[in-house]
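S.K.: What follows is work.txt, made up of compact mmCIF, C-alpha atoms:
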# COMPACT_ATOMS: atom_id res chain seq x y z
CA MET A 1 -0.01 11.36 -14.53
CA ALA A 2 3.12 10.90 -12.49
CA ALA A 3 6.46 11.42 -14.19
CA ASP A 4 7.75 7.94 -13.44
CA ASP A 5 4.74 6.15 -14.80
CA HIS A 6 4.66 7.32 -18.40
CA PRO A 7 8.03 8.83 -19.07
CA HIS A 8 7.60 9.01 -22.84
CA SER A 9 3.93 9.86 -23.05
CA HIS A 10 4.35 13.36 -24.46
CA SER A 11 7.58 13.47 -26.45
CA HIS A 12 7.47 9.97 -27.98
CA SER A 13 3.83 9.08 -28.07
CA GLN A 14 4.21 6.65 -30.96
CA ASP A 15 7.02 4.76 -29.23
CA HIS A 16 4.89 4.72 -26.13
CA GLY A 17 1.96 3.26 -28.05
CA SER A 18 3.97 0.43 -29.56
CA GLU A 19 5.61 -0.25 -26.19
CA LEU A 20 2.17 -0.59 -24.65
CA SER A 21 0.82 -2.90 -27.30
CA ASP A 22 3.91 -5.08 -26.90
CA LEU A 23 3.16 -5.16 -23.19
CA GLN A 24 -0.50 -5.99 -23.85
CA LEU A 25 0.61 -8.95 -25.94
CA ARG A 26 2.97 -10.15 -23.23
CA VAL A 27 0.25 -9.87 -20.57
CA ARG A 28 -2.18 -11.78 -22.77
CA ALA A 29 0.48 -14.44 -23.46
CA LEU A 30 1.17 -14.90 -19.75
CA GLU A 31 -2.55 -15.31 -19.02
CA THR A 32 -2.75 -17.88 -21.84
CA ILE A 33 0.19 -19.84 -20.43
CA LEU A 34 -1.09 -19.74 -16.84
CA THR A 35 -4.56 -20.81 -18.02
CA GLU A 36 -3.31 -23.61 -20.29
CA LYS A 37 -1.15 -24.96 -17.50
CA GLY A 38 -4.15 -24.99 -15.17
CA TYR A 39 -2.81 -22.38 -12.73
CA VAL A 40 -5.51 -19.71 -13.13
CA ASP A 41 -9.20 -19.69 -14.04
CA PRO A 42 -10.05 -16.72 -16.30
CA ALA A 43 -13.54 -16.56 -14.77
CA ALA A 44 -11.95 -16.01 -11.34
CA LEU A 45 -9.75 -13.27 -12.83
CA ASP A 46 -12.86 -11.55 -14.24
CA GLN A 47 -14.46 -11.61 -10.79
CA ILE A 48 -11.38 -10.15 -9.09
CA ILE A 49 -11.45 -7.23 -11.52
CA GLU A 50 -15.17 -6.70 -11.00
CA GLY A 51 -14.70 -6.79 -7.22
CA CYS A 52 -11.94 -4.18 -7.41
CA GLU A 53 -14.15 -1.93 -9.54
CA THR A 54 -17.34 -2.26 -7.49
CA LYS A 55 -17.08 -3.81 -4.01
CA ILE A 56 -14.00 -2.17 -2.56
CA GLY A 57 -13.60 1.61 -2.79
CA PRO A 58 -13.74 4.93 -0.94
CA HIS A 59 -17.50 4.63 -0.55
CA ASN A 60 -16.73 2.14 2.24
CA GLY A 61 -14.34 4.48 4.03
CA ALA A 62 -16.73 7.41 3.64
CA ARG A 63 -19.51 5.53 5.41
CA ILE A 64 -17.17 4.57 8.25
CA VAL A 65 -16.05 8.18 8.71
CA ALA A 66 -19.59 9.53 8.48
CA ARG A 67 -20.71 7.10 11.16
CA ALA A 68 -17.80 8.13 13.39
CA TRP A 69 -18.69 11.80 12.97
CA GLY A 70 -22.23 11.21 14.17
CA ASP A 71 -21.78 8.44 16.73
CA PRO A 72 -19.22 9.08 19.53
CA GLU A 73 -19.40 5.47 20.76
CA PHE A 74 -18.65 4.17 17.27
CA LYS A 75 -15.77 6.65 16.95
CA ARG A 76 -14.32 5.37 20.22
CA ARG A 77 -14.49 1.80 18.94
CA LEU A 78 -13.04 2.83 15.56
CA LEU A 79 -10.01 4.49 17.17
CA ALA A 80 -9.52 1.45 19.45
CA ASP A 81 -9.81 -1.25 16.73
CA ALA A 82 -10.78 -0.02 13.27
CA THR A 83 -11.07 -3.50 11.73
CA GLU A 84 -13.58 -4.61 14.39
CA ALA A 85 -15.55 -1.37 14.23
CA ALA A 86 -15.70 -1.31 10.40
CA ASN A 87 -16.87 -4.92 10.23
CA SER A 88 -19.50 -4.31 12.92
CA LEU A 89 -21.36 -2.00 10.54
CA GLY A 90 -22.28 -4.89 8.25
CA TYR A 91 -22.73 -2.62 5.24
CA VAL A 92 -19.14 -2.08 4.16
CA SER A 93 -17.02 -4.62 2.27
CA PRO A 94 -15.24 -6.83 4.88
CA VAL A 95 -12.03 -5.29 6.24
CA GLY A 96 -8.93 -7.38 6.99
CA SER A 97 -6.60 -7.25 9.93
CA HIS A 98 -4.89 -4.30 11.48
CA LEU A 99 -6.74 -1.35 10.11
CA ILE A 100 -5.81 1.63 12.28
CA ALA A 101 -7.91 4.81 12.33
CA LEU A 102 -6.14 8.16 12.81
CA GLU A 103 -8.25 11.12 13.91
CA ASN A 104 -7.36 14.48 12.44
CA THR A 105 -7.86 17.39 14.83
CA PRO A 106 -7.03 21.10 14.82
CA GLN A 107 -3.89 20.10 16.77
CA THR A 108 -2.62 17.22 14.58
CA HIS A 109 -2.98 16.39 10.89
CA HIS A 110 -2.21 12.80 9.89
CA MET A 111 -1.07 11.84 6.38
CA VAL A 112 -0.29 8.33 5.11
CA VAL A 113 2.35 7.12 2.62
CA CYS A 114 4.13 3.92 1.64
CA THR A 115 7.67 4.96 0.72
CA LEU A 116 8.73 1.39 -0.15
CA CYS A 117 5.86 0.25 -2.39
CA SER A 118 2.12 0.96 -2.41
CA CYS A 119 0.59 -0.30 0.87
CA TYR A 120 -2.90 1.19 1.12
CA PRO A 121 -6.14 0.25 2.96
CA TRP A 122 -7.81 -0.92 -0.25
CA GLU A 123 -10.91 -2.49 1.29
CA VAL A 124 -11.98 0.94 2.53
CA LEU A 125 -10.37 3.22 -0.09
CA GLY A 126 -10.17 1.04 -3.22
CA LEU A 127 -6.99 0.44 -5.23
CA PRO A 128 -4.52 3.28 -4.73
CA PRO A 129 -4.46 6.11 -7.28
CA VAL A 130 -1.41 6.56 -9.50
CA TRP A 131 -0.14 9.54 -7.52
CA TYR A 132 -0.05 7.52 -4.28
CA LYS A 133 2.22 4.93 -5.97
CA SER A 134 4.33 7.53 -7.77
CA ALA A 135 7.93 8.49 -7.04
CA PRO A 136 7.08 12.15 -6.29
CA TYR A 137 4.66 11.25 -3.49
CA ARG A 138 6.68 8.37 -2.06
CA SER A 139 9.89 10.40 -2.00
CA ARG A 140 8.52 13.69 -0.67
CA ALA A 141 5.72 12.85 1.76
CA VAL A 142 8.25 12.07 4.52
CA ILE A 143 10.65 14.98 3.92
CA ASP A 144 8.42 17.75 2.54
CA PRO A 145 4.85 17.07 3.67
CA LYS A 146 3.85 20.75 3.63
CA GLY A 147 5.03 21.06 0.03
CA VAL A 148 3.03 17.96 -0.91
CA LEU A 149 -0.06 19.26 0.89
CA ALA A 150 0.28 22.58 -0.95
CA GLU A 151 0.19 20.68 -4.26
CA PHE A 152 -3.12 19.19 -3.12
CA GLY A 153 -4.36 22.69 -2.28
CA VAL A 154 -4.24 22.06 1.47
CA ALA A 155 -2.88 24.78 3.75
CA LEU A 156 -3.02 23.95 7.45
CA PRO A 157 -2.95 26.44 10.33
CA SER A 158 0.65 27.17 11.33
CA ASP A 159 0.14 25.65 14.78
CA THR A 160 -1.13 22.28 13.47
CA ALA A 161 1.43 19.51 13.92
CA ILE A 162 1.88 17.17 10.93
CA ARG A 163 2.32 13.45 11.46
CA ILE A 164 3.36 11.21 8.58
CA TRP A 165 2.67 7.47 8.77
CA ASP A 166 4.94 5.33 6.57
CA SER A 167 3.14 2.01 5.92
CA THR A 168 6.18 -0.24 6.21
CA ALA A 169 4.35 -3.35 7.51
CA GLU A 170 0.94 -5.05 7.19
CA THR A 171 -0.82 -2.48 9.34
CA ARG A 172 -3.02 -0.09 7.32
CA PHE A 173 -4.15 3.44 8.11
CA LEU A 174 -7.44 5.26 7.60
CA VAL A 175 -7.52 8.98 8.36
CA VAL A 176 -10.70 10.33 9.93
CA PRO A 177 -10.85 13.93 8.68
CA ILE A 178 -12.27 16.81 10.71
CA ARG A 179 -16.05 17.07 10.39
CA PRO A 180 -16.93 20.22 8.46
CA GLU A 181 -18.81 22.96 10.26
CA GLY A 182 -22.43 23.55 9.32
CA THR A 183 -23.33 19.86 9.18
CA GLU A 184 -25.15 19.54 12.50
CA GLY A 185 -28.05 17.14 12.31
CA TRP A 186 -27.07 15.72 8.91
CA THR A 187 -27.82 12.08 8.12
CA GLU A 188 -24.98 9.61 7.75
CA GLU A 189 -25.64 9.34 4.00
CA ARG A 190 -25.40 13.10 3.54
CA LEU A 191 -22.24 13.33 5.65
CA ALA A 192 -20.61 10.52 3.64
CA GLU A 193 -20.84 12.65 0.50
CA LEU A 194 -18.43 15.14 2.08
CA VAL A 195 -15.77 12.49 2.78
CA THR A 196 -13.29 12.37 -0.09
CA ARG A 197 -10.71 9.67 -0.74
CA ASP A 198 -7.90 12.18 -0.30
CA SER A 199 -9.32 13.31 3.06
CA MET A 200 -8.97 9.69 4.25
CA VAL A 201 -5.31 9.54 3.12
CA GLY A 202 -4.58 12.92 4.70
CA THR A 203 -3.77 14.72 1.44
CA GLY A 204 -7.12 16.47 1.54
CA LEU A 205 -9.80 17.79 3.87
CA ALA A 206 -13.45 16.83 3.95
CA LYS A 207 -15.59 18.93 1.60
CA ALA A 208 -17.41 21.92 3.06
CA PRO A 209 -21.20 21.77 2.70
CA ALA A 210 -22.53 23.67 -0.28
CA PRO A 211 -23.73 27.11 0.86
CA MET B 1 17.23 -5.90 -2.41
CA THR B 2 17.51 -3.43 0.33
CA ASN B 3 19.33 -0.38 -1.06
CA SER B 4 17.47 -0.29 -4.33
CA ILE B 5 15.41 2.33 -6.14
CA HIS B 6 12.10 1.32 -4.52
CA ASP B 7 13.30 2.82 -1.21
CA MET B 8 12.40 6.38 -2.18
CA GLY B 9 11.67 8.18 1.09
CA GLY B 10 13.52 11.51 1.20
CA MET B 11 14.89 11.45 -2.37
CA HIS B 12 14.86 14.66 -4.39
CA GLY B 13 14.25 15.31 -8.06
CA PHE B 14 11.05 13.44 -8.91
CA GLY B 15 9.03 16.63 -9.32
CA PRO B 16 5.56 17.57 -8.10
CA VAL B 17 2.79 15.17 -7.13
CA GLU B 18 0.24 15.22 -9.94
CA ALA B 19 -3.19 13.91 -9.04
CA GLU B 20 -5.52 12.89 -11.87
CA PRO B 21 -9.13 14.04 -11.42
CA ASP B 22 -11.75 11.26 -11.60
CA GLU B 23 -9.08 8.61 -12.07
CA PRO B 24 -10.47 5.24 -13.25
CA VAL B 25 -9.72 2.08 -11.23
CA PHE B 26 -7.74 0.74 -14.21
CA HIS B 27 -6.44 2.91 -17.06
CA GLU B 28 -6.12 -0.05 -19.46
CA ALA B 29 -7.78 -3.46 -19.42
CA TRP B 30 -4.40 -5.25 -19.19
CA GLU B 31 -3.73 -3.61 -15.82
CA GLY B 32 -6.73 -5.40 -14.33
CA ARG B 33 -5.59 -8.71 -15.85
CA VAL B 34 -2.14 -8.25 -14.24
CA LEU B 35 -3.64 -7.44 -10.84
CA ALA B 36 -5.98 -10.43 -11.08
CA MET B 37 -3.18 -12.83 -12.14
CA GLN B 38 -1.07 -11.54 -9.26
CA ARG B 39 -3.88 -12.16 -6.76
CA ALA B 40 -4.69 -15.59 -8.24
CA MET B 41 -1.06 -16.74 -8.21
CA GLY B 42 -0.60 -15.32 -4.70
CA PHE B 43 -3.50 -17.55 -3.62
CA THR B 44 -1.38 -20.64 -4.46
CA ARG B 45 0.89 -19.71 -1.51
CA LEU B 46 3.95 -20.60 -3.56
CA TRP B 47 5.41 -17.29 -2.42
CA THR B 48 4.58 -14.61 0.13
CA ILE B 49 3.56 -10.99 -0.31
CA ASP B 50 7.12 -10.09 0.66
CA GLY B 51 8.52 -12.45 -1.95
CA GLY B 52 6.36 -10.62 -4.48
CA ARG B 53 7.69 -7.25 -3.36
CA ALA B 54 11.27 -8.53 -3.44
CA SER B 55 10.87 -9.70 -7.05
CA MET B 56 10.08 -6.12 -8.09
CA GLU B 57 12.85 -4.62 -5.97
CA VAL B 58 15.46 -6.61 -7.90
CA LEU B 59 14.43 -4.97 -11.18
CA PRO B 60 17.29 -2.74 -12.40
CA PRO B 61 16.68 0.82 -11.14
CA ALA B 62 16.33 2.24 -14.65
CA THR B 63 13.74 -0.43 -15.51
CA TYR B 64 11.87 0.18 -12.25
CA LEU B 65 11.63 3.93 -12.86
CA ALA B 66 10.70 3.67 -16.54
CA ALA B 67 7.94 1.12 -15.91
CA SER B 68 4.42 2.00 -14.80
CA TYR B 69 3.11 0.43 -11.60
CA TYR B 70 1.34 -2.50 -13.28
CA GLN B 71 4.25 -2.97 -15.69
CA ARG B 72 6.43 -3.54 -12.63
CA TRP B 73 3.88 -6.01 -11.27
CA PHE B 74 3.87 -7.80 -14.60
CA LEU B 75 7.67 -7.96 -14.83
CA GLY B 76 7.87 -9.22 -11.24
CA LEU B 77 5.19 -11.86 -11.82
CA GLU B 78 6.78 -13.09 -15.05
CA ARG B 79 10.13 -13.46 -13.25
CA ARG B 80 8.52 -15.23 -10.30
CA VAL B 81 6.60 -17.88 -12.24
CA VAL B 82 9.81 -18.76 -14.10
CA ALA B 83 11.98 -18.67 -10.95
CA HIS B 84 9.55 -21.03 -9.18
CA GLY B 85 9.62 -23.47 -12.08
CA LEU B 86 5.92 -23.00 -12.85
CA VAL B 87 6.54 -21.75 -16.38
CA GLY B 88 9.53 -22.31 -18.65
CA ALA B 89 11.43 -19.44 -20.25
CA ASP B 90 10.74 -21.25 -23.55
CA GLU B 91 7.01 -21.00 -22.86
CA ILE B 92 7.28 -17.26 -22.16
CA ALA B 93 9.11 -16.90 -25.47
CA ALA B 94 6.55 -19.07 -27.31
CA GLY B 95 3.56 -17.25 -25.79
CA HIS B 96 1.76 -20.48 -24.94
CA ALA B 97 2.21 -23.60 -22.82
CA LEU B 98 4.57 -26.29 -24.13
CA ARG B 99 4.09 -28.73 -21.24
CA PRO B 100 1.36 -29.58 -18.71
CA GLY B 101 1.40 -27.53 -15.51
CA ARG B 102 2.67 -28.59 -12.12
CA ARG B 103 0.17 -29.67 -9.52
CA LEU B 104 -0.76 -26.81 -7.16
CA ASN B 105 -1.84 -27.14 -3.54
CA ARG B 106 -4.39 -24.35 -3.99
CA LYS B 107 -5.99 -22.87 -7.07
CA LEU B 108 -8.25 -19.82 -6.94
CA THR B 109 -11.81 -20.56 -8.09
CA PRO B 110 -14.58 -18.00 -8.65
CA ALA B 111 -16.09 -19.09 -5.31
CA ASP B 112 -12.90 -18.03 -3.50
CA VAL B 113 -12.83 -14.54 -5.02
CA PRO B 114 -14.91 -12.72 -2.36
CA ASN B 115 -12.32 -13.75 0.23
CA THR B 116 -9.49 -12.25 -1.83
CA LEU B 117 -11.18 -8.84 -1.50
CA THR B 118 -10.29 -8.82 2.20
CA ARG B 119 -6.66 -8.51 3.29
CA GLY B 120 -5.04 -11.48 5.00
CA ASN B 121 -3.95 -11.61 8.62
CA PHE B 122 -0.20 -11.46 9.19
CA GLU B 123 -0.31 -11.73 13.00
CA ARG B 124 1.28 -14.89 14.42
CA PRO B 125 1.80 -16.39 17.91
CA SER B 126 4.83 -14.98 19.71
CA ALA B 127 7.72 -17.04 21.03
CA ALA B 128 8.72 -14.44 23.62
CA PRO B 129 7.24 -11.32 25.23
CA ALA B 130 7.70 -7.98 23.49
CA ARG B 131 11.08 -6.45 24.32
CA PHE B 132 9.90 -2.84 24.20
CA SER B 133 7.02 -0.93 25.78
CA GLU B 134 5.11 2.18 24.78
CA GLY B 135 7.21 5.25 25.48
CA ASP B 136 10.58 3.47 25.23
CA ARG B 137 13.34 5.30 23.41
CA VAL B 138 14.83 3.11 20.69
CA ARG B 139 17.54 3.34 18.07
CA THR B 140 17.06 1.73 14.68
CA ALA B 141 19.70 -0.57 13.27
CA ASN B 142 22.14 0.48 10.60
CA LEU B 143 21.60 -2.54 8.39
CA ASN B 144 22.22 -2.93 4.69
CA PRO B 145 21.34 -6.50 3.75
CA GLN B 146 21.45 -7.58 0.11
CA THR B 147 18.02 -9.12 0.66
CA HIS B 148 14.54 -7.73 1.36
CA THR B 149 13.90 -5.53 4.39
CA ARG B 150 11.14 -3.13 5.43
CA LEU B 151 13.38 -0.72 7.34
CA PRO B 152 13.66 2.26 4.97
CA ARG B 153 17.08 3.84 4.47
CA TYR B 154 15.99 7.24 5.83
CA ALA B 155 15.08 5.65 9.18
CA ARG B 156 18.26 3.64 9.82
CA GLY B 157 20.51 4.56 12.73
CA LYS B 158 17.90 7.01 14.07
CA THR B 159 16.49 7.50 17.57
CA GLY B 160 12.75 7.50 18.11
CA THR B 161 10.00 6.58 20.54
CA VAL B 162 7.83 3.47 20.64
CA GLU B 163 4.27 4.75 20.32
CA ALA B 164 2.33 1.48 20.03
CA ILE B 165 2.80 -2.29 19.99
CA ARG B 166 0.94 -3.79 17.02
CA GLY B 167 1.25 -7.49 17.86
CA CYS B 168 3.59 -10.22 16.62
CA HIS B 169 3.68 -10.45 12.81
CA VAL B 170 5.25 -12.35 9.91
CA TYR B 171 8.80 -10.98 9.53
CA PRO B 172 9.21 -9.78 5.93
CA ASP B 173 13.01 -10.07 5.98
CA SER B 174 12.60 -13.83 6.50
CA ALA B 175 9.39 -14.50 4.58
CA ALA B 176 10.73 -12.86 1.41
CA LEU B 177 13.52 -15.43 1.32
CA GLY B 178 11.12 -18.34 1.66
CA ALA B 179 12.72 -18.93 5.07
CA GLY B 180 9.45 -19.05 7.02
CA ASP B 181 7.37 -16.56 9.01
CA ASP B 182 9.91 -16.05 11.85
CA PRO B 183 7.27 -13.92 13.69
CA GLN B 184 8.51 -10.72 15.33
CA TRP B 185 6.92 -8.02 17.45
CA LEU B 186 5.87 -4.98 15.47
CA TYR B 187 5.94 -1.42 16.81
CA THR B 188 4.95 2.03 15.63
CA VAL B 189 8.11 4.09 16.18
CA VAL B 190 7.89 7.85 15.78
CA PHE B 191 10.78 10.17 14.96
CA THR B 192 10.95 13.95 14.85
CA ALA B 193 11.53 15.24 11.34
CA ARG B 194 14.67 16.91 12.71
CA GLU B 195 16.08 13.56 13.81
CA LEU B 196 15.58 12.25 10.27
CA TRP B 197 16.42 15.28 8.14
CA GLY B 198 18.36 17.78 10.26
CA GLU B 199 17.79 21.05 12.03
CA ALA B 200 16.59 22.98 8.98
CA VAL B 201 13.23 21.22 8.75
CA ASP B 202 9.89 22.13 10.32
CA PRO B 203 9.87 21.16 14.04
CA ALA B 204 6.09 20.55 13.86
CA VAL B 205 6.55 17.48 11.63
CA SER B 206 7.02 13.92 12.85
CA VAL B 207 7.24 10.65 10.92
CA SER B 208 6.51 7.12 12.06
CA ILE B 209 7.43 3.75 10.63
CA GLU B 210 6.14 0.30 11.51
CA ALA B 211 9.29 -1.35 12.84
CA PHE B 212 9.91 -5.04 13.52
CA GLU B 213 11.74 -5.82 16.77
CA PRO B 214 15.04 -6.92 15.11
CA TYR B 215 15.30 -3.40 13.66
CA LEU B 216 15.41 -1.86 17.16
CA ALA B 217 17.81 -1.52 20.09
CA PRO B 218 17.36 0.41 23.34
CA ALA B 219 18.50 4.04 22.91
How would this structure read if it were set down as structure tokens?
M.R.:
Amino acid sequence: MAADDHPHSHSHSQDHGSELSDLQLRVRALETILTEKGYVDPAALDQIIEGCETKIGPHNGARIVARAWGDPEFKRRLLADATEAANSLGYVSPVGSHLIALENTPQTHHMVVCTLCSCYPWEVLGLPPVWYKSAPYRSRAVIDPKGVLAEFGVALPSDTAIRIWDSTAETRFLVVPIRPEGTEGWTEERLAELVTRDSMVGTGLAKAPAP
Amino acid sequence: MTNSIHDMGGMHGFGPVEAEPDEPVFHEAWEGRVLAMQRAMGFTRLWTIDGGRASMEVLPPATYLAASYYQRWFLGLERRVVAHGLVGADEIAAGHALRPGRRLNRKLTPADVPNTLTRGNFERPSAAPARFSEGDRVRTANLNPQTHTRLPRYARGKTGTVEAIRGCHVYPDSAALGAGDDPQWLYTVVFTARELWGEAVDPAVSVSIEAFEPYLAPA
């Protein structure tokens, strides 16, 4: 858990608990007010939550990456216009405008951050994890990317250039990690299991196949 | 606000990045309710995504840092519905409605929800051709407005290279004020880490931002 998100969670757990329940009451009160005034429909709110938990998510991104690994023509289209290419598959949740795919290679490693808020390609990766929205990641990704990568257990070859993408507008970035060796002839479904969320943000690498 | 605590790029002292294994989509049920209320109220088009961001950026820095992500969303949303006259401060205090609601142009229904799971399109027709081309050297503005901007502090007054033109998009600095889309060309501008942070840093690192045309001048 990031330091800025639960500052009292260890030393003042009881204070933290009462603070949270106060917040829960305030959230419930706001939903009551917005519902009573006719501004929101609680059934629509339920469906938004369900959609965030099931429809969007890194399973979408993993299938896109796996397809790109196995299909050079699809990879070409993905790097040219990732929104168009992703939606052409028909089996991932629809992707909105200006998704940009970044191909990691032995020469260049791409890593994505939003220093100003929490911009993230949530159709293909799901809602961002706490660490992505946290002060440590947002502050350090642009000034100390190697230190951040080390905290994720990633050590790159010394001659690999690192490129950080700060998501300061409504463009969104999906990293295509390097395909692991020893996966020749694998099906798309099997390849997708190697594609982690972090590998598509650039804070991780794709998993190596089990020996 | 521009020079507020949300603009964190390059700050020191926040400690290591701590990833949580097998993190759930929501840690508490209320977080999902806040996200869903935010999406549903955003659907009314009474404010823009940039107006939503701006309402969190005006939180006092100590409040911003002490609050969790969805707490910040909640505090921003509560402020916004009051500021837009949708809900009275007396109703917030009472915890229930005291008067009928205003009429909305759009209200999110369950049938609309699938569409909210796809991001909107912020590209708009352009009034003039793009001023810069791929490969152009540009210098970012040294601007410090009191209002919302998407030019981070660490990338102001710096020289970089236009790497790509991303189309003409809603200009956040205008939209956040409710002053209209004022569409502007958007570019990916890449800087060496040394340009941003000095000679001591790794020369193999580069950083790009997505920069709107008013942020840029020829270098």
S.K.: Using all atoms listed in the file, can you tell me which of B:Thr188, B:Thr44, B:Pro16, B:Trp30 comes closest to Thr116 of chain B?
M.R.: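 Between B:Thr188, B:Thr44, B:Pro16, B:Trp30, the residue approaching Thr116 of chain B most closely is B:Thr44.
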S.K.: As JSON, numbers by chain, please: the residues near Thr203 of chain A (cut-off 8 Å, only C-alpha atoms, same-chain neighbours under 5 positions excluded).
M.R.: {"A": [111, 148, 149, 152, 154, 198]}
S.K.: Got a sec to pull out which chain B residues are within 7 Å of chain A, counting all atoms listed in the file, and send them as JSON, numbers by chain?
M.R.: {"B": [6, 7, 8, 9, 10, 11, 12, 14, 15, 16, 17, 18, 19, 20, 25, 30, 32, 33, 34, 36, 37, 40, 65, 66, 67, 68, 69, 92, 95, 96, 97, 100, 101, 107, 108, 109, 110, 113, 117, 118, 119, 120, 121, 122, 150, 204, 205, 206, 207, 208, 209, 210]}
S.K.: Just the residues within 8 Å of Pro177 of chain A, please, counting all atoms listed in the file, with nothing from its chain fewer than 5 positions along; format it as a list in words.
M.R.: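 The residues that qualify are Val65, Glu103, Asn104, Thr105, Val195, Ser199, Met200, Gly202, Leu205 and Ala206 of chain A.
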S.K.: Quick one: pull the distance between atom CA of Asn105 of chain B and atom CA of Thr147 of chain B, Å, one decimal.
M.R.: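 So the two atoms, atom CA of Asn105 of chain B and atom CA of Thr147 of chain B, lie 27.1 Å apart.
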S.K.: Please, what distance in Å, to one decimal, runs between atom CA of Arg124 of chain B and atom CA of Ala155 of chain B?
M.R.: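 Between atom CA of Arg124 of chain B and atom CA of Ala155 of chain B the gap is 25.3 Å.
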S.K.: Rank nothing, just name the residue among B:Ser55, B:Glu134, B:Glu199, B:Leu151 nearest to Arg79 of chain B, using only C-alpha atoms.
M.R.: B:Ser55
S.K.: Provide segment 153-170 of chain A rebuilt to N, CA and C atoms, formatted as a PDB file, keeping the file's coordinate frame.
M.R.:
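Written file, result-v6.pdb:
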ATOM      1  N   GLY A 153      -3.522  21.548  -2.620  1.00  0.00           N
ATOM      2  CA  GLY A 153      -4.360  22.690  -2.280  1.00  0.00           C
ATOM      3  C   GLY A 153      -4.725  22.767  -0.811  1.00  0.00           C
ATOM      4  N   VAL A 154      -3.949  22.080   0.038  1.00  0.00           N
ATOM      5  CA  VAL A 154      -4.240  22.060   1.470  1.00  0.00           C
ATOM      6  C   VAL A 154      -3.230  22.935   2.201  1.00  0.00           C
ATOM      7  N   ALA A 155      -3.728  23.949   2.891  1.00  0.00           N
ATOM      8  CA  ALA A 155      -2.880  24.780   3.750  1.00  0.00           C
ATOM      9  C   ALA A 155      -3.424  24.642   5.169  1.00  0.00           C
ATOM     10  N   LEU A 156      -2.586  24.163   6.071  1.00  0.00           N
ATOM     11  CA  LEU A 156      -3.020  23.950   7.450  1.00  0.00           C
ATOM     12  C   LEU A 156      -2.647  25.150   8.303  1.00  0.00           C
ATOM     13  N   PRO A 157      -3.377  25.375   9.410  1.00  0.00           N
ATOM     14  CA  PRO A 157      -2.950  26.440  10.330  1.00  0.00           C
ATOM     15  C   PRO A 157      -1.514  26.198  10.788  1.00  0.00           C
ATOM     16  N   SER A 158      -0.785  27.298  11.038  1.00  0.00           N
ATOM     17  CA  SER A 158       0.650  27.170  11.330  1.00  0.00           C
ATOM     18  C   SER A 158       0.907  26.405  12.621  1.00  0.00           C
ATOM     19  N   ASP A 159      -0.095  26.365  13.526  1.00  0.00           N
ATOM     20  CA  ASP A 159       0.140  25.650  14.780  1.00  0.00           C
ATOM     21  C   ASP A 159      -0.360  24.200  14.748  1.00  0.00           C
ATOM     22  N   THR A 160      -0.726  23.688  13.571  1.00  0.00           N
ATOM     23  CA  THR A 160      -1.130  22.280  13.470  1.00  0.00           C
ATOM     24  C   THR A 160       0.112  21.416  13.230  1.00  0.00           C
ATOM     25  N   ALA A 161       0.312  20.450  14.107  1.00  0.00           N
ATOM     26  CA  ALA A 161       1.430  19.510  13.920  1.00  0.00           C
ATOM     27  C   ALA A 161       1.088  18.541  12.790  1.00  0.00           C
ATOM     28  N   ILE A 162       2.091  18.120  12.034  1.00  0.00           N
ATOM     29  CA  ILE A 162       1.880  17.170  10.930  1.00  0.00           C
ATOM     30  C   ILE A 162       2.552  15.854  11.296  1.00  0.00           C
ATOM     31  N   ARG A 163       1.795  14.781  11.162  1.00  0.00           N
ATOM     32  CA  ARG A 163       2.320  13.450  11.460  1.00  0.00           C
ATOM     33  C   ARG A 163       2.193  12.585  10.212  1.00  0.00           C
ATOM     34  N   ILE A 164       3.327  12.085   9.747  1.00  0.00           N
ATOM     35  CA  ILE A 164       3.360  11.210   8.580  1.00  0.00           C
ATOM     36  C   ILE A 164       3.466   9.765   9.040  1.00  0.00           C
ATOM     37  N   TRP A 165       2.636   8.894   8.456  1.00  0.00           N
ATOM     38  CA  TRP A 165       2.670   7.470   8.770  1.00  0.00           C
ATOM     39  C   TRP A 165       3.194   6.721   7.552  1.00  0.00           C
ATOM     40  N   ASP A 166       4.384   6.120   7.663  1.00  0.00           N
ATOM     41  CA  ASP A 166       4.940   5.330   6.570  1.00  0.00           C
ATOM     42  C   ASP A 166       4.494   3.881   6.774  1.00  0.00           C
ATOM     43  N   SER A 167       3.750   3.347   5.797  1.00  0.00           N
ATOM     44  CA  SER A 167       3.140   2.010   5.920  1.00  0.00           C
ATOM     45  C   SER A 167       4.173   0.930   5.578  1.00  0.00           C
ATOM     46  N   THR A 168       5.086   0.686   6.517  1.00  0.00           N
ATOM     47  CA  THR A 168       6.180  -0.240   6.210  1.00  0.00           C
ATOM     48  C   THR A 168       5.893  -1.679   6.615  1.00  0.00           C
ATOM     49  N   ALA A 169       4.686  -1.963   7.143  1.00  0.00           N
ATOM     50  CA  ALA A 169       4.350  -3.350   7.510  1.00  0.00           C
ATOM     51  C   ALA A 169       2.932  -3.644   7.061  1.00  0.00           C
ATOM     52  N   GLU A 170       2.295  -4.674   7.633  1.00  0.00           N
ATOM     53  CA  GLU A 170       0.940  -5.050   7.190  1.00  0.00           C
ATOM     54  C   GLU A 170      -0.147  -4.398   8.034  1.00  0.00           C
TER      55      GLU A 170
END
